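J.: Just one file: my_file.txt, with compact mmCIF, C-alpha atoms.
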# COMPACT_ATOMS: atom_id res chain seq x y z
CA MET A 18 20.87 3.51 -15.86
CA SER A 19 21.77 1.00 -13.17
CA GLY A 20 19.29 -0.19 -10.56
CA PRO A 21 18.97 -2.76 -7.79
CA HIS A 22 17.91 -5.38 -10.29
CA GLY A 23 20.64 -4.56 -12.81
CA THR A 24 20.43 -2.23 -15.76
CA MET A 25 17.02 -0.67 -15.99
CA ALA A 26 17.21 -0.03 -19.73
CA GLY A 27 15.60 -3.06 -21.33
CA VAL A 28 14.10 -4.41 -18.10
CA GLY A 29 10.64 -3.27 -19.15
CA ARG A 30 8.88 -5.70 -21.46
CA THR A 31 5.83 -5.29 -23.63
CA TYR A 32 3.28 -8.08 -23.27
CA ARG A 33 0.71 -9.07 -25.87
CA ILE A 34 -2.13 -9.46 -23.38
CA PRO A 35 -2.93 -6.26 -21.44
CA LEU A 36 -3.39 -6.54 -17.67
CA PRO A 37 -7.08 -5.45 -17.57
CA ALA A 38 -7.93 -8.23 -20.04
CA LEU A 39 -6.10 -10.75 -17.86
CA ALA A 40 -7.89 -9.53 -14.72
CA ALA A 41 -11.27 -9.81 -16.49
CA ALA A 42 -10.42 -13.32 -17.72
CA SER A 43 -9.42 -14.32 -14.16
CA LEU A 44 -12.71 -13.06 -12.77
CA VAL A 45 -14.80 -14.85 -15.42
CA LEU A 46 -12.86 -18.12 -15.07
CA VAL A 47 -12.87 -18.14 -11.25
CA THR A 48 -16.63 -17.43 -11.19
CA THR A 49 -17.33 -20.15 -13.77
CA ALA A 50 -15.13 -22.61 -11.89
CA LEU A 51 -16.94 -21.94 -8.59
CA ALA A 52 -20.33 -22.35 -10.29
CA LEU A 53 -19.25 -25.66 -11.85
CA VAL A 54 -17.71 -26.97 -8.63
CA PHE A 55 -20.68 -26.16 -6.38
CA PHE A 56 -23.70 -26.41 -8.70
CA VAL A 57 -22.82 -28.78 -11.55
CA ALA A 58 -20.15 -31.33 -10.54
CA PRO A 59 -21.66 -34.38 -8.81
CA ASN A 60 -20.68 -35.61 -5.34
CA ASP A 61 -17.86 -38.15 -5.33
CA ALA A 62 -19.08 -41.70 -4.68
CA ASP A 63 -16.31 -42.35 -2.16
CA GLN A 64 -15.63 -39.03 -0.42
CA GLY A 65 -18.93 -37.25 -0.95
CA PHE A 66 -19.09 -33.45 -0.66
CA SER A 67 -15.60 -33.07 0.81
CA GLN A 68 -14.06 -34.17 -2.52
CA ARG A 69 -14.85 -30.65 -3.81
CA ILE A 70 -11.63 -29.45 -2.15
CA PHE A 71 -9.88 -31.43 -4.90
CA TYR A 72 -10.73 -28.78 -7.55
CA VAL A 73 -8.97 -25.98 -5.69
CA HIS A 74 -6.20 -28.06 -4.08
CA VAL A 75 -4.94 -29.85 -7.22
CA SER A 76 -5.26 -26.74 -9.45
CA ILE A 77 -3.24 -24.70 -6.96
CA ALA A 78 -0.63 -27.47 -6.63
CA PHE A 79 -0.02 -27.61 -10.40
CA THR A 80 0.07 -23.80 -10.52
CA ALA A 81 2.70 -23.75 -7.73
CA TYR A 82 4.84 -26.31 -9.62
CA LEU A 83 4.55 -24.21 -12.78
CA CYS A 84 5.52 -21.02 -10.92
CA PHE A 85 8.62 -22.71 -9.49
CA GLY A 86 9.39 -24.09 -12.96
CA LEU A 87 9.01 -20.64 -14.50
CA GLY A 88 11.27 -19.19 -11.82
CA ALA A 89 13.93 -21.78 -12.64
CA TRP A 90 13.55 -21.19 -16.40
CA LYS A 91 14.01 -17.43 -15.94
CA ALA A 92 17.01 -18.14 -13.69
CA LEU A 93 18.50 -20.26 -16.48
CA LEU A 94 17.90 -17.43 -18.97
CA HIS A 95 19.67 -15.06 -16.61
CA LEU A 96 22.73 -17.30 -16.34
CA TRP A 97 22.75 -18.39 -19.97
CA LYS A 98 21.71 -15.38 -22.05
CA ARG A 99 22.16 -12.64 -19.45
CA GLU A 100 18.67 -11.31 -20.12
CA PRO A 101 18.35 -8.10 -18.08
CA ALA A 102 14.74 -8.80 -17.04
CA ALA A 103 15.23 -12.48 -16.16
CA ASP A 104 16.44 -12.06 -12.55
CA LEU A 105 13.43 -10.00 -11.51
CA GLU A 106 11.04 -12.30 -13.40
CA SER A 107 12.56 -15.36 -11.71
CA TYR A 108 12.16 -13.73 -8.28
CA VAL A 109 8.50 -12.80 -8.91
CA ALA A 110 7.66 -16.28 -10.27
CA ILE A 111 9.20 -17.93 -7.18
CA HIS A 112 7.29 -15.49 -4.95
CA GLN A 113 4.06 -16.56 -6.66
CA GLY A 114 5.09 -20.21 -6.28
CA VAL A 115 5.59 -19.78 -2.53
CA ILE A 116 2.18 -18.10 -2.14
CA PHE A 117 0.46 -20.89 -4.08
CA GLY A 118 2.59 -23.45 -2.24
CA ALA A 119 1.32 -22.13 1.10
CA LEU A 120 -2.22 -22.50 -0.23
CA VAL A 121 -1.50 -26.10 -1.28
CA LEU A 122 -0.36 -26.93 2.26
CA VAL A 123 -3.35 -25.26 3.89
CA THR A 124 -6.03 -26.70 1.56
CA GLY A 125 -4.29 -30.11 1.69
CA SER A 126 -4.33 -30.07 5.49
CA ILE A 127 -8.03 -29.24 5.56
CA TRP A 128 -8.75 -32.04 3.09
CA ALA A 129 -6.54 -34.46 5.09
CA ARG A 130 -8.41 -33.60 8.29
CA ILE A 131 -11.77 -34.54 6.86
CA SER A 132 -10.61 -37.53 4.79
CA TRP A 133 -7.94 -39.10 7.02
CA GLY A 134 -8.75 -37.53 10.39
CA HIS A 135 -5.32 -35.87 10.62
CA TRP A 136 -4.12 -32.36 9.72
CA TRP A 137 -0.71 -33.71 8.70
CA LEU A 138 0.98 -37.11 8.31
CA TRP A 139 4.77 -37.22 8.48
CA SER A 140 4.69 -40.78 7.11
CA GLU A 141 3.37 -39.55 3.73
CA ASN A 142 6.20 -38.93 1.23
CA GLN A 143 4.06 -36.72 -1.00
CA LEU A 144 3.26 -34.32 1.84
CA VAL A 145 6.77 -34.20 3.27
CA LEU A 146 8.38 -33.72 -0.16
CA PHE A 147 6.05 -30.86 -1.00
CA LEU A 148 6.88 -29.28 2.37
CA VAL A 149 10.61 -29.65 1.57
CA LEU A 150 10.04 -28.00 -1.83
CA PHE A 151 8.07 -25.18 -0.21
CA LEU A 152 10.69 -24.58 2.50
CA PHE A 153 13.50 -24.70 -0.06
CA TYR A 154 11.89 -21.91 -2.07
CA ALA A 155 10.93 -20.01 1.11
CA ALA A 156 14.65 -19.99 1.98
CA TYR A 157 15.31 -18.40 -1.45
CA PHE A 158 14.06 -15.10 0.02
CA MET A 159 16.47 -15.34 2.97
CA LEU A 160 19.31 -15.71 0.47
CA ARG A 161 18.04 -12.89 -1.75
CA PHE A 162 17.56 -10.38 1.06
CA SER A 163 20.84 -11.21 2.78
CA ILE A 164 22.95 -10.06 -0.19
CA ASP A 165 23.24 -6.52 -1.55
CA ALA A 166 21.48 -5.95 -4.86
CA GLY A 167 23.71 -6.45 -7.86
CA PRO A 168 25.08 -9.05 -10.29
CA GLN A 169 26.40 -11.29 -7.48
CA ARG A 170 22.96 -11.56 -5.87
CA ALA A 171 21.33 -12.21 -9.23
CA ASN A 172 23.79 -15.02 -10.04
CA LEU A 173 23.54 -16.72 -6.63
CA CYS A 174 19.73 -16.55 -6.64
CA ALA A 175 19.62 -17.97 -10.17
CA VAL A 176 21.81 -20.94 -9.19
CA TYR A 177 19.66 -21.56 -6.08
CA ALA A 178 16.43 -21.41 -8.12
CA LEU A 179 17.87 -23.94 -10.58
CA PHE A 180 18.80 -26.37 -7.80
CA GLY A 181 15.25 -26.23 -6.47
CA VAL A 182 13.69 -27.27 -9.76
CA VAL A 183 15.09 -30.78 -9.26
CA LEU A 184 12.69 -31.19 -6.34
CA ILE A 185 9.62 -30.63 -8.56
CA PRO A 186 9.65 -33.98 -10.42
CA VAL A 187 10.70 -35.74 -7.20
CA SER A 188 7.73 -34.23 -5.36
CA PHE A 189 5.36 -34.95 -8.26
CA LEU A 190 6.51 -38.55 -8.73
CA ALA A 191 6.85 -39.38 -5.01
CA ILE A 192 3.27 -40.58 -4.76
CA ARG A 193 3.72 -42.84 -7.78
CA LEU A 194 6.98 -44.30 -6.48
CA ALA A 195 5.77 -44.85 -2.92
CA GLN A 196 4.99 -48.44 -1.94
CA ARG A 197 2.35 -47.57 0.60
CA PHE A 198 0.30 -44.41 0.53
CA ILE A 199 -3.06 -42.95 1.36
CA HIS A 200 -2.75 -39.78 -0.72
CA PRO A 201 -5.05 -40.33 -3.74
CA VAL A 202 -3.61 -40.64 -7.28
CA VAL A 203 -5.93 -39.07 -9.83
CA PHE A 204 -3.53 -38.77 -12.78
CA THR A 205 -2.03 -42.10 -13.82
CA ARG A 206 -0.19 -43.32 -16.93
CA HIS A 207 -3.58 -44.37 -18.31
CA GLY A 208 -5.05 -40.86 -17.94
CA ALA A 209 -7.21 -39.16 -15.35
CA ALA A 210 -9.18 -41.29 -12.90
CA PHE A 211 -12.33 -39.24 -13.49
CA GLY A 212 -14.41 -37.85 -16.33
CA GLY A 213 -17.67 -36.08 -17.19
CA TRP A 214 -18.55 -32.95 -15.23
CA ILE A 215 -15.82 -33.65 -12.66
CA MET A 216 -13.26 -33.38 -15.46
CA VAL A 217 -14.90 -30.21 -16.88
CA ALA A 218 -15.00 -28.58 -13.44
CA TYR A 219 -11.37 -29.55 -12.81
CA LEU A 220 -10.16 -28.22 -16.18
CA VAL A 221 -11.96 -24.89 -15.73
CA SER A 222 -10.61 -24.61 -12.15
CA GLN A 223 -7.11 -25.33 -13.42
CA ALA A 224 -7.42 -22.70 -16.16
CA ALA A 225 -8.80 -20.21 -13.62
CA MET A 226 -5.86 -20.76 -11.24
CA LEU A 227 -3.29 -20.47 -14.04
CA VAL A 228 -4.78 -17.24 -15.40
CA LEU A 229 -5.14 -15.83 -11.87
CA ALA A 230 -1.51 -16.69 -11.07
CA TYR A 231 -0.31 -15.13 -14.34
CA THR A 232 -2.35 -11.98 -13.63
CA LEU A 233 -0.87 -11.67 -10.13
CA TYR A 234 2.61 -12.35 -11.57
CA ARG A 235 2.19 -9.52 -14.09
CA VAL A 236 0.79 -7.11 -11.45
CA GLU A 237 3.67 -7.80 -9.06
CA LEU A 238 6.23 -7.54 -11.85
CA SER A 239 4.85 -4.14 -12.93
CA GLY A 240 5.05 -2.89 -9.34
CA LYS A 241 8.63 -4.12 -8.91
CA ARG A 242 9.73 -2.53 -12.20
CA LEU A 243 8.11 0.75 -11.26
CA ASP A 244 9.81 0.61 -7.86
CA ALA A 245 13.21 0.01 -9.49
CA ARG A 246 12.73 2.92 -11.90
CA ILE A 247 11.68 5.28 -9.13
CA ARG A 248 14.77 4.30 -7.08
CA ASP A 249 16.93 5.05 -10.12
CA LEU A 250 15.29 8.45 -10.58
CA ARG A 251 15.78 9.26 -6.88
CA ARG A 252 19.45 8.42 -7.25
CA VAL A 253 19.70 10.77 -10.25
CA TYR A 254 18.02 13.58 -8.28
CA ALA A 255 20.10 13.01 -5.14
CA MET B 3 -24.32 -27.41 7.62
CA THR B 4 -22.58 -30.79 7.62
CA ASN B 5 -18.98 -31.33 8.71
CA ALA B 6 -17.86 -31.84 5.08
CA GLU B 7 -19.54 -28.61 4.01
CA LYS B 8 -17.77 -26.72 6.80
CA TYR B 9 -14.34 -28.01 5.76
CA VAL B 10 -14.94 -27.33 2.05
CA THR B 11 -16.12 -23.79 2.86
CA ALA B 12 -13.04 -23.27 5.05
CA ALA B 13 -10.70 -24.40 2.24
CA TYR B 14 -12.24 -22.06 -0.33
CA CYS B 15 -12.38 -19.18 2.18
CA VAL B 16 -8.68 -19.60 3.01
CA VAL B 17 -7.79 -19.37 -0.70
CA PHE B 18 -10.01 -16.31 -1.15
CA ALA B 19 -8.61 -14.63 1.99
CA LEU B 20 -4.98 -15.19 1.01
CA VAL B 21 -5.50 -13.89 -2.54
CA LEU B 22 -7.35 -10.90 -1.10
CA LEU B 23 -4.52 -10.25 1.38
CA TYR B 24 -2.04 -10.41 -1.50
CA VAL B 25 -4.08 -7.88 -3.50
CA VAL B 26 -4.27 -5.56 -0.44
CA ILE B 27 -0.47 -5.75 0.04
CA ILE B 28 0.09 -4.98 -3.66
CA ALA B 29 -2.39 -2.08 -3.44
CA MET B 30 -0.51 -0.67 -0.42
CA LYS B 31 2.79 -0.93 -2.30
CA LEU B 32 1.25 0.88 -5.27
CA ARG B 33 0.06 3.67 -2.94
CA ARG B 34 3.64 4.05 -1.69
CA LEU B 35 4.94 4.17 -5.26
CA GLU B 36 2.32 6.79 -6.11
CA ARG B 37 3.51 8.95 -3.21
CA GLU B 38 7.12 8.57 -4.34
CA VAL B 39 6.20 9.58 -7.90
CA ASP B 40 4.37 12.63 -6.51
CA ALA B 41 7.45 13.59 -4.48
CA LEU B 42 9.67 13.21 -7.55
CA ALA B 43 7.27 15.24 -9.69
CA GLU B 44 7.26 17.99 -7.05
CA ARG B 45 11.07 18.05 -7.03
CA THR B 46 11.10 18.20 -10.83
CA VAL B 47 8.83 21.27 -10.76
CA ARG B 48 10.77 22.94 -7.93
CA ARG B 49 14.23 22.41 -9.41
CA PRO B 50 13.96 24.70 -12.46
CA GLU B 51 12.47 27.40 -10.21
CA GLU B 52 15.48 27.17 -7.89
CA GLU B 53 17.82 27.30 -10.87
CA ARG B 54 16.06 30.43 -12.20
CA GLU B 55 16.52 32.37 -8.92
CA PRO B 56 18.87 35.34 -9.52
CA ALA B 57 22.31 34.97 -8.04
CA GLN B 58 23.28 37.39 -5.28
CA VAL B 59 25.84 39.83 -6.64
CA GLY B 60 28.24 41.88 -4.52
Hey, can you dump this file as structure tokens for me?
T.:
Amino acid sequence: MSGPHGTMAGVGRTYRIPLPALAAASLVLVTTALALVFFVAPNDADQGFSQRIFYVHVSIAFTAYLCFGLGAWKALLHLWKREPAADLESYVAIHQGVIFGALVLVTGSIWARISWGHWWLWSENQLVLFLVLFLFYAAYFMLRFSIDAGPQRANLCAVYALFGVVLIPVSFLAIRLAQRFIHPVVFTRHGAAFGGWIMVAYLVSQAAMLVLAYTLYRVELSGKRLDARIRDLRRVYA
Amino acid sequence: MTNAEKYVTAAYCVVFALVLLYVVIIAMKLRRLEREVDALAERTVRRPEEEREPAQVG
């Protein structure tokens, strides 16, 4: 059976972790993270209470990078091994990455406003490079929806997704390569610049964001697969 | 509420609101899919009945 995302036979995939378990884990982790951030982690000596944005901002940023990375990996699998499910999985991962990317920009702007007194600074390489990465992947959807569904669209989108992955290390390393910056560096070659409860709260927040993103990825993927199957059935009945 | 507390609350609320919006959009899409499955199921039930109808002769 052929569908908008290629052959439907084999597109469905069985996962080891069921969705309800993932949703429950997300809820527990997010609640624990919020409790740690607001009731356990101490105030930062330099930034005070406002530093608590760090837990959500950095966790979301790493999650966005991982989503874009996953999208590129699935795109590679599509081009290399012609896996029937890879195109749809790449698309959903990039969609998640764009959602989390938007959250990075918004939470970052709020943090910048209180720390630096500006919502945005065009002179900061880290900010501008992340915006470029975000816009690059936002344009992925313009490409995808401007071509009719089929193998050509899948191939073009996969190539585009692979090009974008180059921007991830550039964006991540920009702050370390910059000569002059005000964006804080918390992860250096010598390890994290914090410890104790701040580290615990950060790690739990990071785990919460990753599990939440994976849960949303699986939910969206299930919906898209169901949609594709229904379209195929409608075509059979027509 | 201090200025810092306001900004931190705003940041967490934005994240919560966007995730909630995403869940609402997914829920709406699932409702649409449910309706489409219902329509398909109805057609599946109706089709054999139409096929069983006696053909007009003469």
J.: Would you kindly return, as a PyMOL selection string, each protein, DNA or RNA residue with an atom no farther than 12 Å from any atom of Val75 in chain A, considering only C-alpha atoms and excluding same-chain residues fewer than 2 positions away?
T.: chain A and resi 68-73+77-82+117-118+120-122+124-125+128+189+201-204+218-220+222-224+226-227
J.: Restrict the selected residues to C-alpha atoms and save them as a PDB file, keeping the file's coordinate frame.
T.:
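Just written: part.pdb:
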ATOM      1  CA  GLN A  68     -14.060 -34.170  -2.520  1.00  0.00           C
ATOM      2  CA  ARG A  69     -14.850 -30.650  -3.810  1.00  0.00           C
ATOM      3  CA  ILE A  70     -11.630 -29.450  -2.150  1.00  0.00           C
ATOM      4  CA  PHE A  71      -9.880 -31.430  -4.900  1.00  0.00           C
ATOM      5  CA  TYR A  72     -10.730 -28.780  -7.550  1.00  0.00           C
ATOM      6  CA  VAL A  73      -8.970 -25.980  -5.690  1.00  0.00           C
ATOM      7  CA  ILE A  77      -3.240 -24.700  -6.960  1.00  0.00           C
ATOM      8  CA  ALA A  78      -0.630 -27.470  -6.630  1.00  0.00           C
ATOM      9  CA  PHE A  79      -0.020 -27.610 -10.400  1.00  0.00           C
ATOM     10  CA  THR A  80       0.070 -23.800 -10.520  1.00  0.00           C
ATOM     11  CA  ALA A  81       2.700 -23.750  -7.730  1.00  0.00           C
ATOM     12  CA  TYR A  82       4.840 -26.310  -9.620  1.00  0.00           C
ATOM     13  CA  PHE A 117       0.460 -20.890  -4.080  1.00  0.00           C
ATOM     14  CA  GLY A 118       2.590 -23.450  -2.240  1.00  0.00           C
ATOM     15  CA  LEU A 120      -2.220 -22.500  -0.230  1.00  0.00           C
ATOM     16  CA  VAL A 121      -1.500 -26.100  -1.280  1.00  0.00           C
ATOM     17  CA  LEU A 122      -0.360 -26.930   2.260  1.00  0.00           C
ATOM     18  CA  THR A 124      -6.030 -26.700   1.560  1.00  0.00           C
ATOM     19  CA  GLY A 125      -4.290 -30.110   1.690  1.00  0.00           C
ATOM     20  CA  TRP A 128      -8.750 -32.040   3.090  1.00  0.00           C
ATOM     21  CA  PHE A 189       5.360 -34.950  -8.260  1.00  0.00           C
ATOM     22  CA  PRO A 201      -5.050 -40.330  -3.740  1.00  0.00           C
ATOM     23  CA  VAL A 202      -3.610 -40.640  -7.280  1.00  0.00           C
ATOM     24  CA  VAL A 203      -5.930 -39.070  -9.830  1.00  0.00           C
ATOM     25  CA  PHE A 204      -3.530 -38.770 -12.780  1.00  0.00           C
ATOM     26  CA  ALA A 218     -15.000 -28.580 -13.440  1.00  0.00           C
ATOM     27  CA  TYR A 219     -11.370 -29.550 -12.810  1.00  0.00           C
ATOM     28  CA  LEU A 220     -10.160 -28.220 -16.180  1.00  0.00           C
ATOM     29  CA  SER A 222     -10.610 -24.610 -12.150  1.00  0.00           C
ATOM     30  CA  GLN A 223      -7.110 -25.330 -13.420  1.00  0.00           C
ATOM     31  CA  ALA A 224      -7.420 -22.700 -16.160  1.00  0.00           C
ATOM     32  CA  MET A 226      -5.860 -20.760 -11.240  1.00  0.00           C
ATOM     33  CA  LEU A 227      -3.290 -20.470 -14.040  1.00  0.00           C
TER      34      LEU A 227
END
J.: How far is it from CA of Leu160 in chain A to CA of Cys174 in chain A, in Å with one decimal?
T.: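 Straight-line distance from CA of Leu160 in chain A to CA of Cys174 in chain A works out to 7.2 Å.
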J.: What are the residues of chain B lining chain A at 7 Å or less? Count only C-alpha atoms, and put the answer as a list in words.
T.: Ala6, Glu7, Tyr9, Val10, Ala13, Val17, Leu32 and Leu35 of chain B
J.: Measure the distance from CA of Phe151 in chain A to CA of Val115 in chain A in Å and round it to one decimal.
T.: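 About the pair CA of Phe151 in chain A and CA of Val115 in chain A: they are 6.4 Å apart.
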J.: Could you check how far CA of Arg37 in chain B sits from CA of Ala255 in chain A, in Å to one decimal?
T.: 17.2 Å
J.: I want to know what sits within 12 Å of Phe56 in chain A, based on all atoms listed in the file, with residues of the same chain fewer than 2 positions away left out; could you give that as a list of chain:residue names?
T.: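 Here the qualifying residues turn out to be A:Thr48, A:Thr49, A:Ala50, A:Leu51, A:Ala52, A:Leu53, A:Val54, A:Ala58, A:Pro59, A:Asn60, A:Phe66, A:Arg69, A:Trp214, A:Ile215, A:Ala218.
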J.: Select, from A:Leu105, A:Ala92, A:Leu144, A:Cys84, the residue with the minimum atom-to-atom distance to Gly167 in chain A, counting all atoms listed in the file.
T.: A:Leu105
J.: With distances taken over only C-alpha atoms, which of A:Trp137, A:Phe55, A:Tyr231, A:Tyr157 is nearest to Val176 in chain A?
T.: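 Closest residue, counting only C-alpha atoms: A:Tyr157.
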